[in-house]
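Shown next: data22.cif, given as mmCIF, C-alpha atoms.
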data_query
loop_
_atom_site.group_PDB
_atom_site.id
_atom_site.type_symbol
_atom_site.label_atom_id
_atom_site.label_comp_id
_atom_site.auth_asym_id
_atom_site.auth_seq_id
_atom_site.Cartn_x
_atom_site.Cartn_y
_atom_site.Cartn_z
ATOM 1 C CA MET A 1 -17.249 18.844 16.284
ATOM 2 C CA ILE A 2 -17.705 17.753 19.873
ATOM 3 C CA ALA A 3 -14.554 16.348 21.444
ATOM 4 C CA PRO A 4 -14.459 12.553 21.058
ATOM 5 C CA HIS A 5 -13.980 11.920 24.779
ATOM 6 C CA VAL A 6 -17.195 13.858 25.464
ATOM 7 C CA CYS A 7 -19.103 11.890 22.804
ATOM 8 C CA GLU A 8 -17.899 8.586 24.227
ATOM 9 C CA SER A 9 -19.115 9.584 27.673
ATOM 10 C CA LEU A 10 -22.693 10.456 26.685
ATOM 11 C CA PRO A 11 -24.114 6.909 26.537
ATOM 12 C CA LEU A 12 -22.616 6.189 29.967
ATOM 13 C CA TRP A 13 -24.267 9.266 31.493
ATOM 14 C CA PHE A 14 -27.531 8.273 29.755
ATOM 15 C CA LEU A 15 -27.184 4.868 31.422
ATOM 16 C CA VAL A 16 -26.973 6.103 35.011
ATOM 17 C CA SER A 17 -29.485 8.938 34.510
ATOM 18 C CA GLY A 18 -32.128 6.577 33.101
ATOM 19 C CA ALA A 19 -32.395 8.508 29.827
ATOM 20 C CA GLY A 20 -32.386 5.277 27.793
ATOM 21 C CA ARG A 21 -34.919 3.322 29.852
ATOM 22 C CA SER A 22 -38.361 2.192 28.745
ATOM 23 C CA GLY A 23 -37.313 1.652 25.157
ATOM 24 C CA GLY A 24 -35.799 5.110 24.777
ATOM 25 C CA GLY A 25 -32.493 3.610 23.751
ATOM 26 C CA ILE A 26 -29.507 5.468 22.432
ATOM 27 C CA CYS A 27 -29.294 6.218 18.761
ATOM 28 C CA SER A 28 -26.892 8.000 16.457
ATOM 29 C CA TRP A 29 -28.004 11.155 14.722
ATOM 30 C CA ASN A 30 -25.922 10.722 11.597
ATOM 31 C CA PRO A 31 -27.582 12.177 8.474
ATOM 32 C CA GLY A 32 -25.750 9.765 6.171
ATOM 33 C CA GLU A 33 -22.480 11.681 6.138
ATOM 34 C CA PRO A 34 -19.153 9.869 6.544
ATOM 35 C CA LEU A 35 -18.427 9.154 10.189
ATOM 36 C CA ASN A 36 -15.924 11.399 11.965
ATOM 37 C CA ALA A 37 -13.927 10.853 15.153
ATOM 38 C CA ALA A 38 -16.820 12.011 17.361
ATOM 39 C CA ASP A 39 -19.220 9.556 15.677
ATOM 40 C CA PHE A 40 -16.823 6.661 16.234
ATOM 41 C CA ALA A 41 -16.369 7.739 19.861
ATOM 42 C CA PHE A 42 -20.145 7.817 20.379
ATOM 43 C CA GLU A 43 -20.376 4.280 18.981
ATOM 44 C CA ALA A 44 -17.614 3.198 21.365
ATOM 45 C CA GLY A 45 -19.568 4.747 24.232
ATOM 46 C CA LYS A 46 -22.701 2.851 23.233
ATOM 47 C CA TRP A 47 -20.710 -0.370 23.296
ATOM 48 C CA ARG A 48 -19.343 0.496 26.759
ATOM 49 C CA ALA A 49 -22.865 1.234 28.024
ATOM 50 C CA SER A 50 -24.132 -2.063 26.562
ATOM 51 C CA GLN A 51 -21.830 -3.894 28.968
ATOM 52 C CA PHE A 52 -24.332 -2.906 31.689
ATOM 53 C CA ASN A 53 -27.513 -4.108 29.893
ATOM 54 C CA GLU A 54 -29.019 -5.586 33.042
ATOM 55 C CA PHE A 55 -29.432 -2.026 34.381
ATOM 56 C CA TRP A 56 -31.076 -0.768 31.165
ATOM 57 C CA GLU A 57 -33.506 -3.633 30.894
ATOM 58 C CA SER A 58 -34.859 -3.934 34.428
ATOM 59 C CA PRO A 59 -37.857 -1.871 35.572
ATOM 60 C CA LYS A 60 -36.461 -2.198 39.113
ATOM 61 C CA THR A 61 -33.346 -0.097 38.399
ATOM 62 C CA GLN A 62 -33.079 3.097 40.432
ATOM 63 C CA TYR A 63 -31.419 5.844 38.380
ATOM 64 C CA ASN A 64 -29.467 9.051 38.893
ATOM 65 C CA LEU A 65 -28.174 8.247 42.368
ATOM 66 C CA LYS A 66 -25.811 10.828 43.754
ATOM 67 C CA ILE A 67 -22.682 9.051 44.919
ATOM 68 C CA GLU A 68 -20.739 10.771 47.682
ATOM 69 C CA PHE A 69 -17.052 11.326 47.047
ATOM 70 C CA SER A 70 -14.011 12.467 48.983
ATOM 71 C CA LEU A 71 -10.878 14.190 47.718
ATOM 72 C CA ASP A 72 -9.103 13.981 51.096
ATOM 73 C CA ASN A 73 -9.088 10.229 51.763
ATOM 74 C CA GLY A 74 -12.427 10.191 53.563
ATOM 75 C CA GLN A 75 -12.000 13.123 55.942
ATOM 76 C CA SER A 76 -14.854 15.023 54.247
ATOM 77 C CA TRP A 77 -17.586 13.950 51.816
ATOM 78 C CA THR A 78 -19.728 15.717 49.242
ATOM 79 C CA ASP A 79 -21.727 14.880 46.122
ATOM 80 C CA ASP A 80 -22.604 16.579 42.867
ATOM 81 C CA SER A 81 -26.217 17.227 43.869
ATOM 82 C CA ARG A 82 -26.289 20.704 42.351
ATOM 83 C CA THR A 83 -26.935 20.549 38.635
ATOM 84 C CA TRP A 84 -24.686 22.247 36.103
ATOM 85 C CA LYS A 85 -27.608 24.536 35.282
ATOM 86 C CA GLU A 86 -27.844 25.642 38.932
ATOM 87 C CA LYS A 87 -24.095 26.177 39.075
ATOM 88 C CA ALA A 88 -24.178 28.182 35.847
ATOM 89 C CA TYR A 89 -26.936 30.482 37.163
ATOM 90 C CA ASP A 90 -24.957 31.095 40.353
ATOM 91 C CA LEU A 91 -21.686 31.712 38.592
ATOM 92 C CA GLY A 92 -22.801 33.435 35.387
ATOM 93 C CA LEU A 93 -19.938 34.012 33.004
ATOM 94 C CA ARG A 94 -17.440 32.867 35.621
ATOM 95 C CA GLN A 95 -18.707 29.306 35.257
ATOM 96 C CA PHE A 96 -16.065 28.140 32.832
ATOM 97 C CA GLN A 97 -13.294 29.597 34.979
ATOM 98 C CA TRP A 98 -14.837 27.837 37.989
ATOM 99 C CA MET A 99 -14.913 24.501 36.136
ATOM 100 C CA TYR A 100 -11.172 24.676 35.661
ATOM 101 C CA THR A 101 -10.335 25.735 39.208
ATOM 102 C CA ASN A 102 -12.793 23.552 41.185
ATOM 103 C CA PRO A 103 -11.040 20.312 42.221
ATOM 104 C CA ASN A 104 -14.249 18.232 42.263
ATOM 105 C CA PRO A 105 -14.970 15.652 39.570
ATOM 106 C CA ILE A 106 -17.445 16.756 36.902
ATOM 107 C CA GLY A 107 -19.823 14.071 38.074
ATOM 108 C CA VAL A 108 -20.135 10.879 40.102
ATOM 109 C CA ARG A 109 -23.493 9.179 39.572
ATOM 110 C CA GLY A 110 -24.899 5.695 39.773
ATOM 111 C CA ALA A 111 -27.776 3.358 39.029
ATOM 112 C CA LEU A 112 -28.799 0.596 41.435
ATOM 113 C CA LEU A 113 -30.284 -2.804 40.672
ATOM 114 C CA GLY A 114 -30.669 -5.112 43.647
ATOM 115 C CA ASN A 115 -27.325 -5.106 45.441
ATOM 116 C CA LYS A 116 -25.322 -4.026 42.386
ATOM 117 C CA LEU A 117 -24.414 -0.437 41.641
ATOM 118 C CA VAL A 118 -23.068 0.843 38.317
ATOM 119 C CA VAL A 119 -21.060 4.017 38.835
ATOM 120 C CA VAL A 120 -20.012 6.541 36.191
ATOM 121 C CA ALA A 121 -17.521 9.271 37.053
ATOM 122 C CA SER A 122 -15.449 11.888 35.262
ATOM 123 C CA ALA A 123 -12.427 13.781 36.569
ATOM 124 C CA CYS A 124 -12.231 17.509 37.058
ATOM 125 C CA PRO A 125 -11.555 19.372 33.789
ATOM 126 C CA ASN A 126 -8.283 20.934 34.924
ATOM 127 C CA LEU A 127 -6.267 17.718 34.706
ATOM 128 C CA GLU A 128 -3.469 17.643 32.175
ATOM 129 C CA ALA A 129 -2.674 14.815 29.761
ATOM 130 C CA GLY A 130 -1.337 11.804 31.656
ATOM 131 C CA GLN A 131 -2.759 12.875 35.038
ATOM 132 C CA THR A 132 -5.284 10.893 37.079
ATOM 133 C CA GLN A 133 -7.600 12.098 39.832
ATOM 134 C CA SER A 134 -8.101 9.586 42.661
ATOM 135 C CA ILE A 135 -11.261 9.806 44.749
ATOM 136 C CA LEU A 136 -12.982 7.726 47.402
ATOM 137 C CA CYS A 137 -16.642 7.010 46.719
ATOM 138 C CA ARG A 138 -19.358 6.124 49.195
ATOM 139 C CA TYR A 139 -22.887 4.835 48.827
ATOM 140 C CA GLY A 140 -24.563 3.780 52.056
ATOM 141 C CA SER A 141 -21.873 1.998 54.069
ATOM 142 C CA LYS A 142 -19.848 0.867 51.025
ATOM 143 C CA VAL A 143 -16.618 2.798 50.303
ATOM 144 C CA TRP A 144 -14.348 2.256 47.268
ATOM 145 C CA LYS A 145 -11.609 4.035 45.345
ATOM 146 C CA MET A 146 -11.909 5.298 41.769
ATOM 147 C CA ASP A 147 -9.088 6.584 39.582
ATOM 148 C CA LEU A 148 -10.333 9.090 37.019
ATOM 149 C CA PRO A 149 -7.899 9.598 34.115
ATOM 150 C CA TYR A 150 -7.596 12.730 31.998
ATOM 151 C CA HIS A 151 -10.354 13.056 29.366
ATOM 152 C CA GLN A 152 -12.025 9.746 30.200
ATOM 153 C CA VAL A 153 -15.230 8.694 31.861
ATOM 154 C CA VAL A 154 -14.871 5.682 34.136
ATOM 155 C CA ALA A 155 -17.707 3.168 34.494
ATOM 156 C CA GLY A 156 -17.836 0.056 36.622
ATOM 157 C CA THR A 157 -19.946 -1.957 39.011
ATOM 158 C CA VAL A 158 -19.781 -2.197 42.782
ATOM 159 C CA ALA A 159 -21.383 -4.967 44.848
ATOM 160 C CA LEU A 160 -23.139 -3.611 47.923
#
For the file at hand, write its structure as structure tokens.
Amino acid sequence: MIAPHVCESLPLWFLVSGAGRSGGGICSWNPGEPLNAADFAFEAGKWRASQFNEFWESPKTQYNLKIEFSLDNGQSWTDDSRTWKEKAYDLGLRQFQWMYTNPNPIGVRGALLGNKLVVVASACPNLEAGQTQSILCRYGSKVWKMDLPYHQVVAGTVAL
């Protein structure tokens, strides 16, 4: 079974990547078996993503925007522009070790509709239970803080 926190995050990543646009939607792939914790988490994630319906339903939404982030209070900025596939090819079998030693969040992405940005972010995997990773985010000239708790994906809107 996939970890529930991962299942809950999938609809949110689908939202900002545009995977559910144009009627694609998000569905459950349950073959009629009793629901388990991962299934319930996926349903919870779909509900969370539905809170941003205006982004799903508009053909004017720009998807998969790479949001810059800073781990040092704005002294330096980066983004997650390299895909996990690219990172995996570079790192080979060391990739999983790298995931747990790299301080960067797993991802910080957004979708833009007019002057409203929905941002989805997930902390680095090496956090321990009860810890939170704080980052500054930047898109254009707008800067804001996000707190990324252990095993959770954070989603929210930012007015530009």
Discussion item. So the first atom is atom CA of Gly140 of chain A and the second is atom CA of Glu68 of chain A; what is the distance between them in Å, to one decimal place?
Written reply: 9.1 Å
Discussion item. Between atom CA of Gln133 of chain A and atom CA of Val16 of chain A, what distance in Å does the model show, to one decimal?
Written reply: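 Interatomic distance here is 20.8 Å.
For the residues A:Leu136, A:Leu148, A:Ala19, A:Val153, ranking by smallest atom-to-atom distance to Ser70 of chain A using all atoms listed in the file places A:Leu136 first.
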Written as a PDB file with C-alpha atoms, keeping the file's coordinate frame, which residues does the PyMOL selection byres ((chain A and resi 141-144) around 12) give for the file shown?
ATOM      1  CA  ILE A  67     -22.682   9.051  44.919  1.00  0.00           C
ATOM      2  CA  GLU A  68     -20.739  10.771  47.682  1.00  0.00           C
ATOM      3  CA  PHE A  69     -17.052  11.326  47.047  1.00  0.00           C
ATOM      4  CA  SER A  70     -14.011  12.467  48.983  1.00  0.00           C
ATOM      5  CA  ASN A  73      -9.088  10.229  51.763  1.00  0.00           C
ATOM      6  CA  GLY A  74     -12.427  10.191  53.563  1.00  0.00           C
ATOM      7  CA  TRP A  77     -17.586  13.950  51.816  1.00  0.00           C
ATOM      8  CA  ASN A 115     -27.325  -5.106  45.441  1.00  0.00           C
ATOM      9  CA  LYS A 116     -25.322  -4.026  42.386  1.00  0.00           C
ATOM     10  CA  LEU A 117     -24.414  -0.437  41.641  1.00  0.00           C
ATOM     11  CA  VAL A 119     -21.060   4.017  38.835  1.00  0.00           C
ATOM     12  CA  SER A 134      -8.101   9.586  42.661  1.00  0.00           C
ATOM     13  CA  ILE A 135     -11.261   9.806  44.749  1.00  0.00           C
ATOM     14  CA  LEU A 136     -12.982   7.726  47.402  1.00  0.00           C
ATOM     15  CA  CYS A 137     -16.642   7.010  46.719  1.00  0.00           C
ATOM     16  CA  ARG A 138     -19.358   6.124  49.195  1.00  0.00           C
ATOM     17  CA  TYR A 139     -22.887   4.835  48.827  1.00  0.00           C
ATOM     18  CA  GLY A 140     -24.563   3.780  52.056  1.00  0.00           C
ATOM     19  CA  LYS A 145     -11.609   4.035  45.345  1.00  0.00           C
ATOM     20  CA  MET A 146     -11.909   5.298  41.769  1.00  0.00           C
ATOM     21  CA  ASP A 147      -9.088   6.584  39.582  1.00  0.00           C
ATOM     22  CA  GLY A 156     -17.836   0.056  36.622  1.00  0.00           C
ATOM     23  CA  THR A 157     -19.946  -1.957  39.011  1.00  0.00           C
ATOM     24  CA  VAL A 158     -19.781  -2.197  42.782  1.00  0.00           C
ATOM     25  CA  ALA A 159     -21.383  -4.967  44.848  1.00  0.00           C
ATOM     26  CA  LEU A 160     -23.139  -3.611  47.923  1.00  0.00           C
TER      27      LEU A 160
END
Worksheet item: Which one is closest to Ser17 of chain A: A:Ile106, A:Ile2, A:Ala123, A:Leu112? Count all atoms listed in the file.
Response: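 Going through A:Ile106, A:Ile2, A:Ala123, A:Leu112 one by one, the smallest distance to Ser17 of chain A is for A:Leu112.
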Worksheet item: Pick the closest to Leu10 of chain A from A:Ala41, A:Val118, A:Leu71, A:Asn36: which is it, counting all atoms listed in the file?
Response: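 Distance minimum relative to Leu10 of chain A lands on A:Ala41.
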